[in-house]
Amino acid sequence: MIERAGSESGTRFMASVASTSNEDEATNKGNMWDLEQKLDQPMDEEAGKIKDMYREKKFSAMLVLRLAFQSLGVVYGDLGTSPLYVFYNTFSRGIEDPEDIIGALSLIIYSLTLVPLLKYVFLVLRANDNGQGGTFALYSLLCRHAKVKTIPNQHRKDEELTTYSRHVFHEKSFAAKTKRWLEGHEYKKNALLILVLLGTCMVIGDGILTPAISVLSAAGGIKVDHPNMSSDVVIIVAVIILVGLFSMQHYGTDRVGWLFAPIVLLWFLFIGSIGAFNIWKYDSSVLKALSPVYIVRYFRRGGRDGWTSLGGIMLSITGTEALFADLGHFPVLAVQIAFTVVVFPSLLLAYSGQAAYLMKHQDHVVDAFYRSIPGSVYWPMFIIATLAAIVASQATISATFSIIKQAEALGCFPRVKVVHTSKNFLGQVYIPDINWVLMILCIAVTAGFKNQSQIGNAYGTAVVVVMLVTTSLMILIMLLVWHCHWSLVLIFTILSSAVELPYFSAVLFKVDQGGWVPLVIAAAFLVIMYVWHYGSMKRYEFEMHSKVSIAWILGLGPSLGLVRVPGIGFVYTELASGVPPIFSHFITNLPAIHSVVVFVCVKYLPVYTVPQEERFLVKRIGPKNFHIFRCIARYGYKDLHKKDDNFEKMLFDSLLLYVRLESMMEGCSDSEEYSLNGLQTMQSGDFLLTENSNTFTSNMECTISDEDSIVPIKSPLQANKLRSSGQTSQNGIDELEFLTSCRNAGVVHILGNTVIRARRDSRFFKKIAIDYIYAFLRKICRENSVIFNVPHESLLNVGQIFSV
């Protein structure tokens, strides 16, 4: 569908076009287009229904059960390995009273019930972004429902994407008031961004601490069976496992992922069965921990020590955030079934069994998990525990890669190499540079602390901060996205705070006992991410303020005051409108420019993916004889630029399709009538053409306008239809031949290399951030030419320097 606005001589078109080298893929992607053509009425209302139908995934009962089984290996590995170290970290100073074991078990039971089960599995998981979970998924939802994005590069036509779903609310509603309050000042947007970055940095900390504590706890089983063995041997074994784990990351989880679910299922069955056996064998009275009365008694006896032990209790719910972050490839129902049927009862039995064992062997609290295993299954259980620890670590590392990819896409992390490791799953990525950084830090934590207690304190701090960030974002989600009544939001806030704030206060007491580690890691990554985002925002503002008006370009004439040499020049810019300053800088200093100029804007939207058939937007700038175009390439935060993607070819094919559509429309406009009083549609060939009289303007106004009229065309199949229809005008054929000849003459990619520096009168911290940190990050990050596979011989960098 194309929307046409303007007089006959000054009409400007803009179309969403796509290109693909695979004809079969093009045919498949054309199914939506074929459905649209069969509709007898305009697409306004019906298109939304079709999009919703295509977005909905209906799963059979057997498929849901199979996905629930597979989710065990991806989602629940981290949460499932917590029994390895919870009781040791809770009673790091030993057990003084057997009743304390009952109180701690009661706290564990209600923590598992309130946080993972009720809050996350049945509430937070519903706040997913088209199936994607995690901190940035929540932020993406908020960016679509309120203008809180700090770099305002969105276009109104971006909202028509299939994956761009949002709800409309009444202007007088509480949600509308919240939206206006949030959009009111820049500091609120920055505060929200810092909150999201803080949660992201803590998730990165999880990616360091989870492998350390899980693998070290699992390897500690060797010493239980050989008491005289030195602790250094356990450290060495753990480090060897960690090195092997991180060294295998480049293979991805797709090749061995089928093993994860059976391993984790076997793990849950073993710990549940052993727990039930220990309850029967040692002390079934631990089941009275189901009464919350023992929690009150626990705090009365323990005082401050009992309160600070919450830092150990909280480790029983670690992995809950990974549960949400790794949601990506499973329906919510499958994740809920896996937790309620397998994970939750197995964990309750495992902790109750350890508590029953400790009632008779209080001095074994250091190695409570391995000590409570019957001797006949000790070594099989040790092997399964080690494998489960590796699976848990793998899931957290993969989640770290994924969230860094999302941060990079939203302009909050330096450009790094991202490798797609799976042909089947969009979110499975590997980042080599980050992988080795994680490995070094993980080994440093493991070898530096040498015991689970301090690592557990560090781990608890990271987890509770992420939970608080998620709660804060969920409050906004409930108001802006779900449109919940303020009373329900208040109840959620009070209940979440009542559980999470006590945990937070407890881990603060252990900052000097290892809790400082995630704070240091998070602070370092937060500085990197915020400085990078600040520098990117200033570069965008510079381009916006320094952009050249199209009227200036028109005043230069068709030759632009230069020699137009054969060829195509792709000028890359962050602007979706206007002429970038690097172009004026280029033509001011050089006497020639290419016959065809295309301004290419690559931008990321707050959606998880942009379908290939909706990726490109193309429009003409100025009269035809100027041969200047704009092409906007849109990506979601999960989309990747693969090596086999020929970005240059996709740009050129999009340009050709646009010219065909434009010439076909001109051929129709001479013979068809239109109404100036409203909206009229006409059917010509296979295309539904729409004319809106409200936007008719003079030639000059239409030419220099920054407003875009786009109704996306869904499929590259239209290119074939246009060829067969024979409706392309002679002028269109001439321009197509001209574009093809220019491409054969040569293509040059012109990239701006804008350098920012702090002003001389800037504050000391600003100079450090801009002149040293941001400059260093720009130096080591990947260039756009590498990301888009631009040949080195076709690359031309245009440098500019400005001060902030």
# chains A, B, ... in the order shown; residues from 1 in each chain; ligands from 1
$ closest_atom_pairs --of "segment 177-285 of chain A" --to "segment 146-160 of chain A" --cutoff "7 Å" --atoms "only C-alpha atoms" --output "CSV"
residue,atom,partner,partner_atom,distance
A:Lys179,CA,A:Ala146,CA,5.9
A:Glu183,CA,A:Lys147,CA,6.1
A:Lys189,CA,A:Val148,CA,5.3
$ write_last_selection --atoms "C-alpha atoms" --output "compact mmCIF listing (two decimals), in the first residue's frame"
# COMPACT_ATOMS: atom_id res chain seq x y z
CA LYS A 179 2.89 9.39 31.07
CA GLU A 183 7.82 12.86 29.90
CA LYS A 189 14.15 10.10 31.48
$ residues_around --residues "Ile770 of chain A" --least-positions-apart "3" --cutoff "9 Å" --atoms "only C-alpha atoms" --output "list in words"
Val531, Tyr534, Gly535, Ile756, Arg757, Ala758, Phe765, Lys766, Lys767, Ile773, Tyr774, Ala775 and Val804 of chain A
$ write_last_selection --atoms "N, CA and C atoms" --output "PDB file, in the first residue's frame"
ATOM      1  N   VAL A 531      28.608   6.631  29.890  1.00  0.00           N
ATOM      2  CA  VAL A 531      29.482   7.536  29.129  1.00  0.00           C
ATOM      3  C   VAL A 531      29.301   7.306  27.632  1.00  0.00           C
ATOM      4  N   TYR A 534      25.991   8.799  26.681  1.00  0.00           N
ATOM      5  CA  TYR A 534      26.078  10.255  26.715  1.00  0.00           C
ATOM      6  C   TYR A 534      26.799  10.777  25.468  1.00  0.00           C
ATOM      7  N   GLY A 535      27.908  10.133  25.110  1.00  0.00           N
ATOM      8  CA  GLY A 535      28.639  10.543  23.912  1.00  0.00           C
ATOM      9  C   GLY A 535      27.816  10.341  22.647  1.00  0.00           C
ATOM     10  N   ILE A 756      34.163  13.962  19.270  1.00  0.00           N
ATOM     11  CA  ILE A 756      33.704  14.971  20.231  1.00  0.00           C
ATOM     12  C   ILE A 756      34.774  15.177  21.300  1.00  0.00           C
ATOM     13  N   ARG A 757      34.880  16.418  21.736  1.00  0.00           N
ATOM     14  CA  ARG A 757      35.854  16.774  22.778  1.00  0.00           C
ATOM     15  C   ARG A 757      35.180  17.708  23.775  1.00  0.00           C
ATOM     16  N   ALA A 758      35.635  17.642  24.984  1.00  0.00           N
ATOM     17  CA  ALA A 758      35.093  18.528  26.010  1.00  0.00           C
ATOM     18  C   ALA A 758      35.659  19.935  25.836  1.00  0.00           C
ATOM     19  N   PHE A 765      35.232  16.245  35.686  1.00  0.00           N
ATOM     20  CA  PHE A 765      34.665  14.922  35.433  1.00  0.00           C
ATOM     21  C   PHE A 765      34.183  14.790  33.990  1.00  0.00           C
ATOM     22  N   LYS A 766      33.676  15.898  33.427  1.00  0.00           N
ATOM     23  CA  LYS A 766      33.234  15.851  32.039  1.00  0.00           C
ATOM     24  C   LYS A 766      34.416  15.665  31.100  1.00  0.00           C
ATOM     25  N   LYS A 767      35.526  16.312  31.404  1.00  0.00           N
ATOM     26  CA  LYS A 767      36.722  16.141  30.575  1.00  0.00           C
ATOM     27  C   LYS A 767      37.227  14.702  30.637  1.00  0.00           C
ATOM     28  N   ILE A 773      37.594   8.523  28.611  1.00  0.00           N
ATOM     29  CA  ILE A 773      36.808   7.277  28.617  1.00  0.00           C
ATOM     30  C   ILE A 773      36.099   7.077  27.273  1.00  0.00           C
ATOM     31  N   TYR A 774      35.332   8.092  26.837  1.00  0.00           N
ATOM     32  CA  TYR A 774      34.601   7.945  25.581  1.00  0.00           C
ATOM     33  C   TYR A 774      35.555   7.828  24.391  1.00  0.00           C
ATOM     34  N   ALA A 775      36.637   8.609  24.405  1.00  0.00           N
ATOM     35  CA  ALA A 775      37.610   8.533  23.312  1.00  0.00           C
ATOM     36  C   ALA A 775      38.242   7.143  23.251  1.00  0.00           C
ATOM     37  N   VAL A 804      31.757  19.764  23.248  1.00  0.00           N
ATOM     38  CA  VAL A 804      30.513  19.724  24.030  1.00  0.00           C
ATOM     39  C   VAL A 804      30.783  20.267  25.424  1.00  0.00           C
TER      40      VAL A 804
END
$ residues_around --residues "Ser82 of chain A" --least-positions-apart "4" --cutoff "9 Å" --atoms "only C-alpha atoms" --output "ChimeraX atom specification"
/A:78,86,214,315-319,347
$ closest_atom_pairs --of "segment 583-648 of chain A" --to "segment 429-445 of chain A" --cutoff "12 Å" --atoms "only C-alpha atoms" --output "CSV"
residue,atom,partner,partner_atom,distance
A:Lys638,CA,A:Val429,CA,9.6
A:Asp639,CA,A:Val429,CA,10.5
A:Leu640,CA,A:Val429,CA,9.2
A:His641,CA,A:Val429,CA,11.7
A:Lys642,CA,A:Val429,CA,11.3
$ closest_atom_pairs --of "segment 89-143 of chain A" --to "segment 500-515 of chain A" --cutoff "12 Å" --atoms "only C-alpha atoms" --output "CSV"
residue,atom,partner,partner_atom,distance
A:Asn89,CA,A:Lys510,CA,11.5
A:Thr90,CA,A:Ala506,CA,11.5
A:Ser92,CA,A:Gln513,CA,11.7
A:Leu107,CA,A:Tyr503,CA,11.3
A:Ser111,CA,A:Glu500,CA,9.7
A:Leu114,CA,A:Glu500,CA,10.3
A:Val115,CA,A:Glu500,CA,8.8
A:Lys119,CA,A:Glu500,CA,11.4
$ closest_residue --among "A:Ser291, A:Ser140, A:Thr446, A:Ser803" --to "Gly636 of chain A" --atoms "only C-alpha atoms"
A:Ser140
$ residues_around --residues "Gly302 of chain A" --least-positions-apart "4" --cutoff "10 Å" --atoms "only C-alpha atoms" --output "list of chain:residue names"
A:Glu96, A:Asp97, A:Asp100, A:Arg297, A:Tyr298, A:Gly306, A:Trp307, A:Thr308, A:Ser309
$ write_last_selection --atoms "C-alpha atoms" --output "short mmCIF file (atom, residue, chain, number, x, y, z; two decimals), in the first residue's frame"
data_model
loop_
_atom_site.label_atom_id
_atom_site.label_comp_id
_atom_site.auth_asym_id
_atom_site.auth_seq_id
_atom_site.Cartn_x
_atom_site.Cartn_y
_atom_site.Cartn_z
CA GLU A 96 23.41 -22.57 67.67
CA ASP A 97 19.84 -23.82 68.05
CA ASP A 100 16.98 -22.01 63.78
CA ARG A 297 10.60 -16.98 66.41
CA TYR A 298 13.72 -17.14 64.25
CA GLY A 306 19.24 -13.62 62.29
CA TRP A 307 18.46 -10.56 60.20
CA THR A 308 21.81 -10.58 58.39
CA SER A 309 21.37 -14.31 57.66
#
$ atom_distance --atom1 "atom CA of Val565 of chain A" --atom2 "atom CA of Ile593 of chain A"
6.1 Å
$ atom_distance --atom1 "atom CA of Leu554 of chain A" --atom2 "atom CA of Gly578 of chain A"
12.5 Å
$ residues_around --residues "Val233 of chain A" --least-positions-apart "3" --cutoff "12 Å" --atoms "only C-alpha atoms" --output "list of chain:residue names"
A:Leu216, A:Ala219, A:Gly220, A:Gly221, A:Ile222, A:Lys223, A:His226, A:Pro227, A:Asn228, A:Met229, A:Ser230, A:Ile236, A:Val237, A:Ala238, A:Val239, A:Ile240, A:Ala447, A:Lys450
$ write_last_selection --atoms "C-alpha atoms" --output "PDB file, in the first residue's frame"
ATOM      1  CA  LEU A 216      33.017 -24.039  43.142  1.00  0.00           C
ATOM      2  CA  ALA A 219      33.590 -29.111  42.832  1.00  0.00           C
ATOM      3  CA  GLY A 220      33.588 -28.955  46.638  1.00  0.00           C
ATOM      4  CA  GLY A 221      32.070 -32.452  46.622  1.00  0.00           C
ATOM      5  CA  ILE A 222      35.524 -33.880  45.976  1.00  0.00           C
ATOM      6  CA  LYS A 223      36.765 -32.688  49.349  1.00  0.00           C
ATOM      7  CA  HIS A 226      38.442 -36.902  50.651  1.00  0.00           C
ATOM      8  CA  PRO A 227      38.612 -34.733  53.816  1.00  0.00           C
ATOM      9  CA  ASN A 228      42.426 -34.506  53.790  1.00  0.00           C
ATOM     10  CA  MET A 229      42.486 -32.920  50.354  1.00  0.00           C
ATOM     11  CA  SER A 230      43.715 -29.318  50.225  1.00  0.00           C
ATOM     12  CA  ILE A 236      42.177 -25.647  40.698  1.00  0.00           C
ATOM     13  CA  VAL A 237      39.452 -28.096  39.620  1.00  0.00           C
ATOM     14  CA  ALA A 238      36.876 -25.276  39.614  1.00  0.00           C
ATOM     15  CA  VAL A 239      39.170 -23.005  37.572  1.00  0.00           C
ATOM     16  CA  ILE A 240      39.806 -25.784  35.018  1.00  0.00           C
ATOM     17  CA  ALA A 447      40.604 -17.899  43.162  1.00  0.00           C
ATOM     18  CA  LYS A 450      38.404 -19.300  47.788  1.00  0.00           C
TER      19      LYS A 450
END
$ closest_residue --among "A:Leu84, A:Val365, A:Leu495, A:Val168" --to "Ile271 of chain A" --atoms "only C-alpha atoms"
A:Leu84
$ residues_around --residues "Met544 of chain A" --least-positions-apart "2" --cutoff "10 Å" --atoms "only C-alpha atoms" --output "PyMOL selection string"
chain A and resi 538-542+546-548+574-581
$ write_last_selection --atoms "N, CA and C atoms" --output "compact mmCIF listing (two decimals), in the first residue's frame"
# COMPACT_ATOMS: atom_id res chain seq x y z
N LYS A 538 25.21 13.08 22.43
CA LYS A 538 25.78 14.37 22.03
C LYS A 538 26.10 14.38 20.53
N ARG A 539 26.56 13.24 20.00
CA ARG A 539 26.83 13.16 18.56
C ARG A 539 25.54 13.32 17.78
N TYR A 540 24.46 12.71 18.26
CA TYR A 540 23.16 12.82 17.59
C TYR A 540 22.65 14.25 17.65
N GLU A 541 22.79 14.89 18.82
CA GLU A 541 22.35 16.28 18.95
C GLU A 541 23.15 17.19 18.03
N PHE A 542 24.44 16.92 17.88
CA PHE A 542 25.27 17.72 16.98
C PHE A 542 24.77 17.60 15.54
N SER A 546 23.18 20.64 13.39
CA SER A 546 24.04 21.08 12.28
C SER A 546 23.55 20.59 10.93
N LYS A 547 22.40 19.93 10.90
CA LYS A 547 21.93 19.39 9.62
C LYS A 547 21.60 20.53 8.65
N VAL A 548 21.73 20.23 7.38
CA VAL A 548 21.54 21.22 6.32
C VAL A 548 20.12 21.12 5.81
N GLU A 574 23.01 9.29 11.21
CA GLU A 574 22.09 8.88 12.26
C GLU A 574 20.75 9.61 12.16
N LEU A 575 20.64 10.52 11.21
CA LEU A 575 19.43 11.32 11.07
C LEU A 575 18.43 10.61 10.16
N ALA A 576 17.17 10.61 10.57
CA ALA A 576 16.10 10.05 9.75
C ALA A 576 15.43 11.13 8.89
N SER A 577 15.86 12.39 9.04
CA SER A 577 15.31 13.49 8.25
C SER A 577 16.39 14.55 8.09
N GLY A 578 16.27 15.33 7.03
CA GLY A 578 17.26 16.38 6.80
C GLY A 578 18.54 15.85 6.17
N VAL A 579 19.44 16.76 5.83
CA VAL A 579 20.72 16.41 5.20
C VAL A 579 21.81 16.47 6.25
N PRO A 580 22.59 15.40 6.44
CA PRO A 580 23.60 15.38 7.50
C PRO A 580 24.71 16.38 7.24
N PRO A 581 25.33 16.88 8.31
CA PRO A 581 26.39 17.88 8.13
C PRO A 581 27.62 17.33 7.41
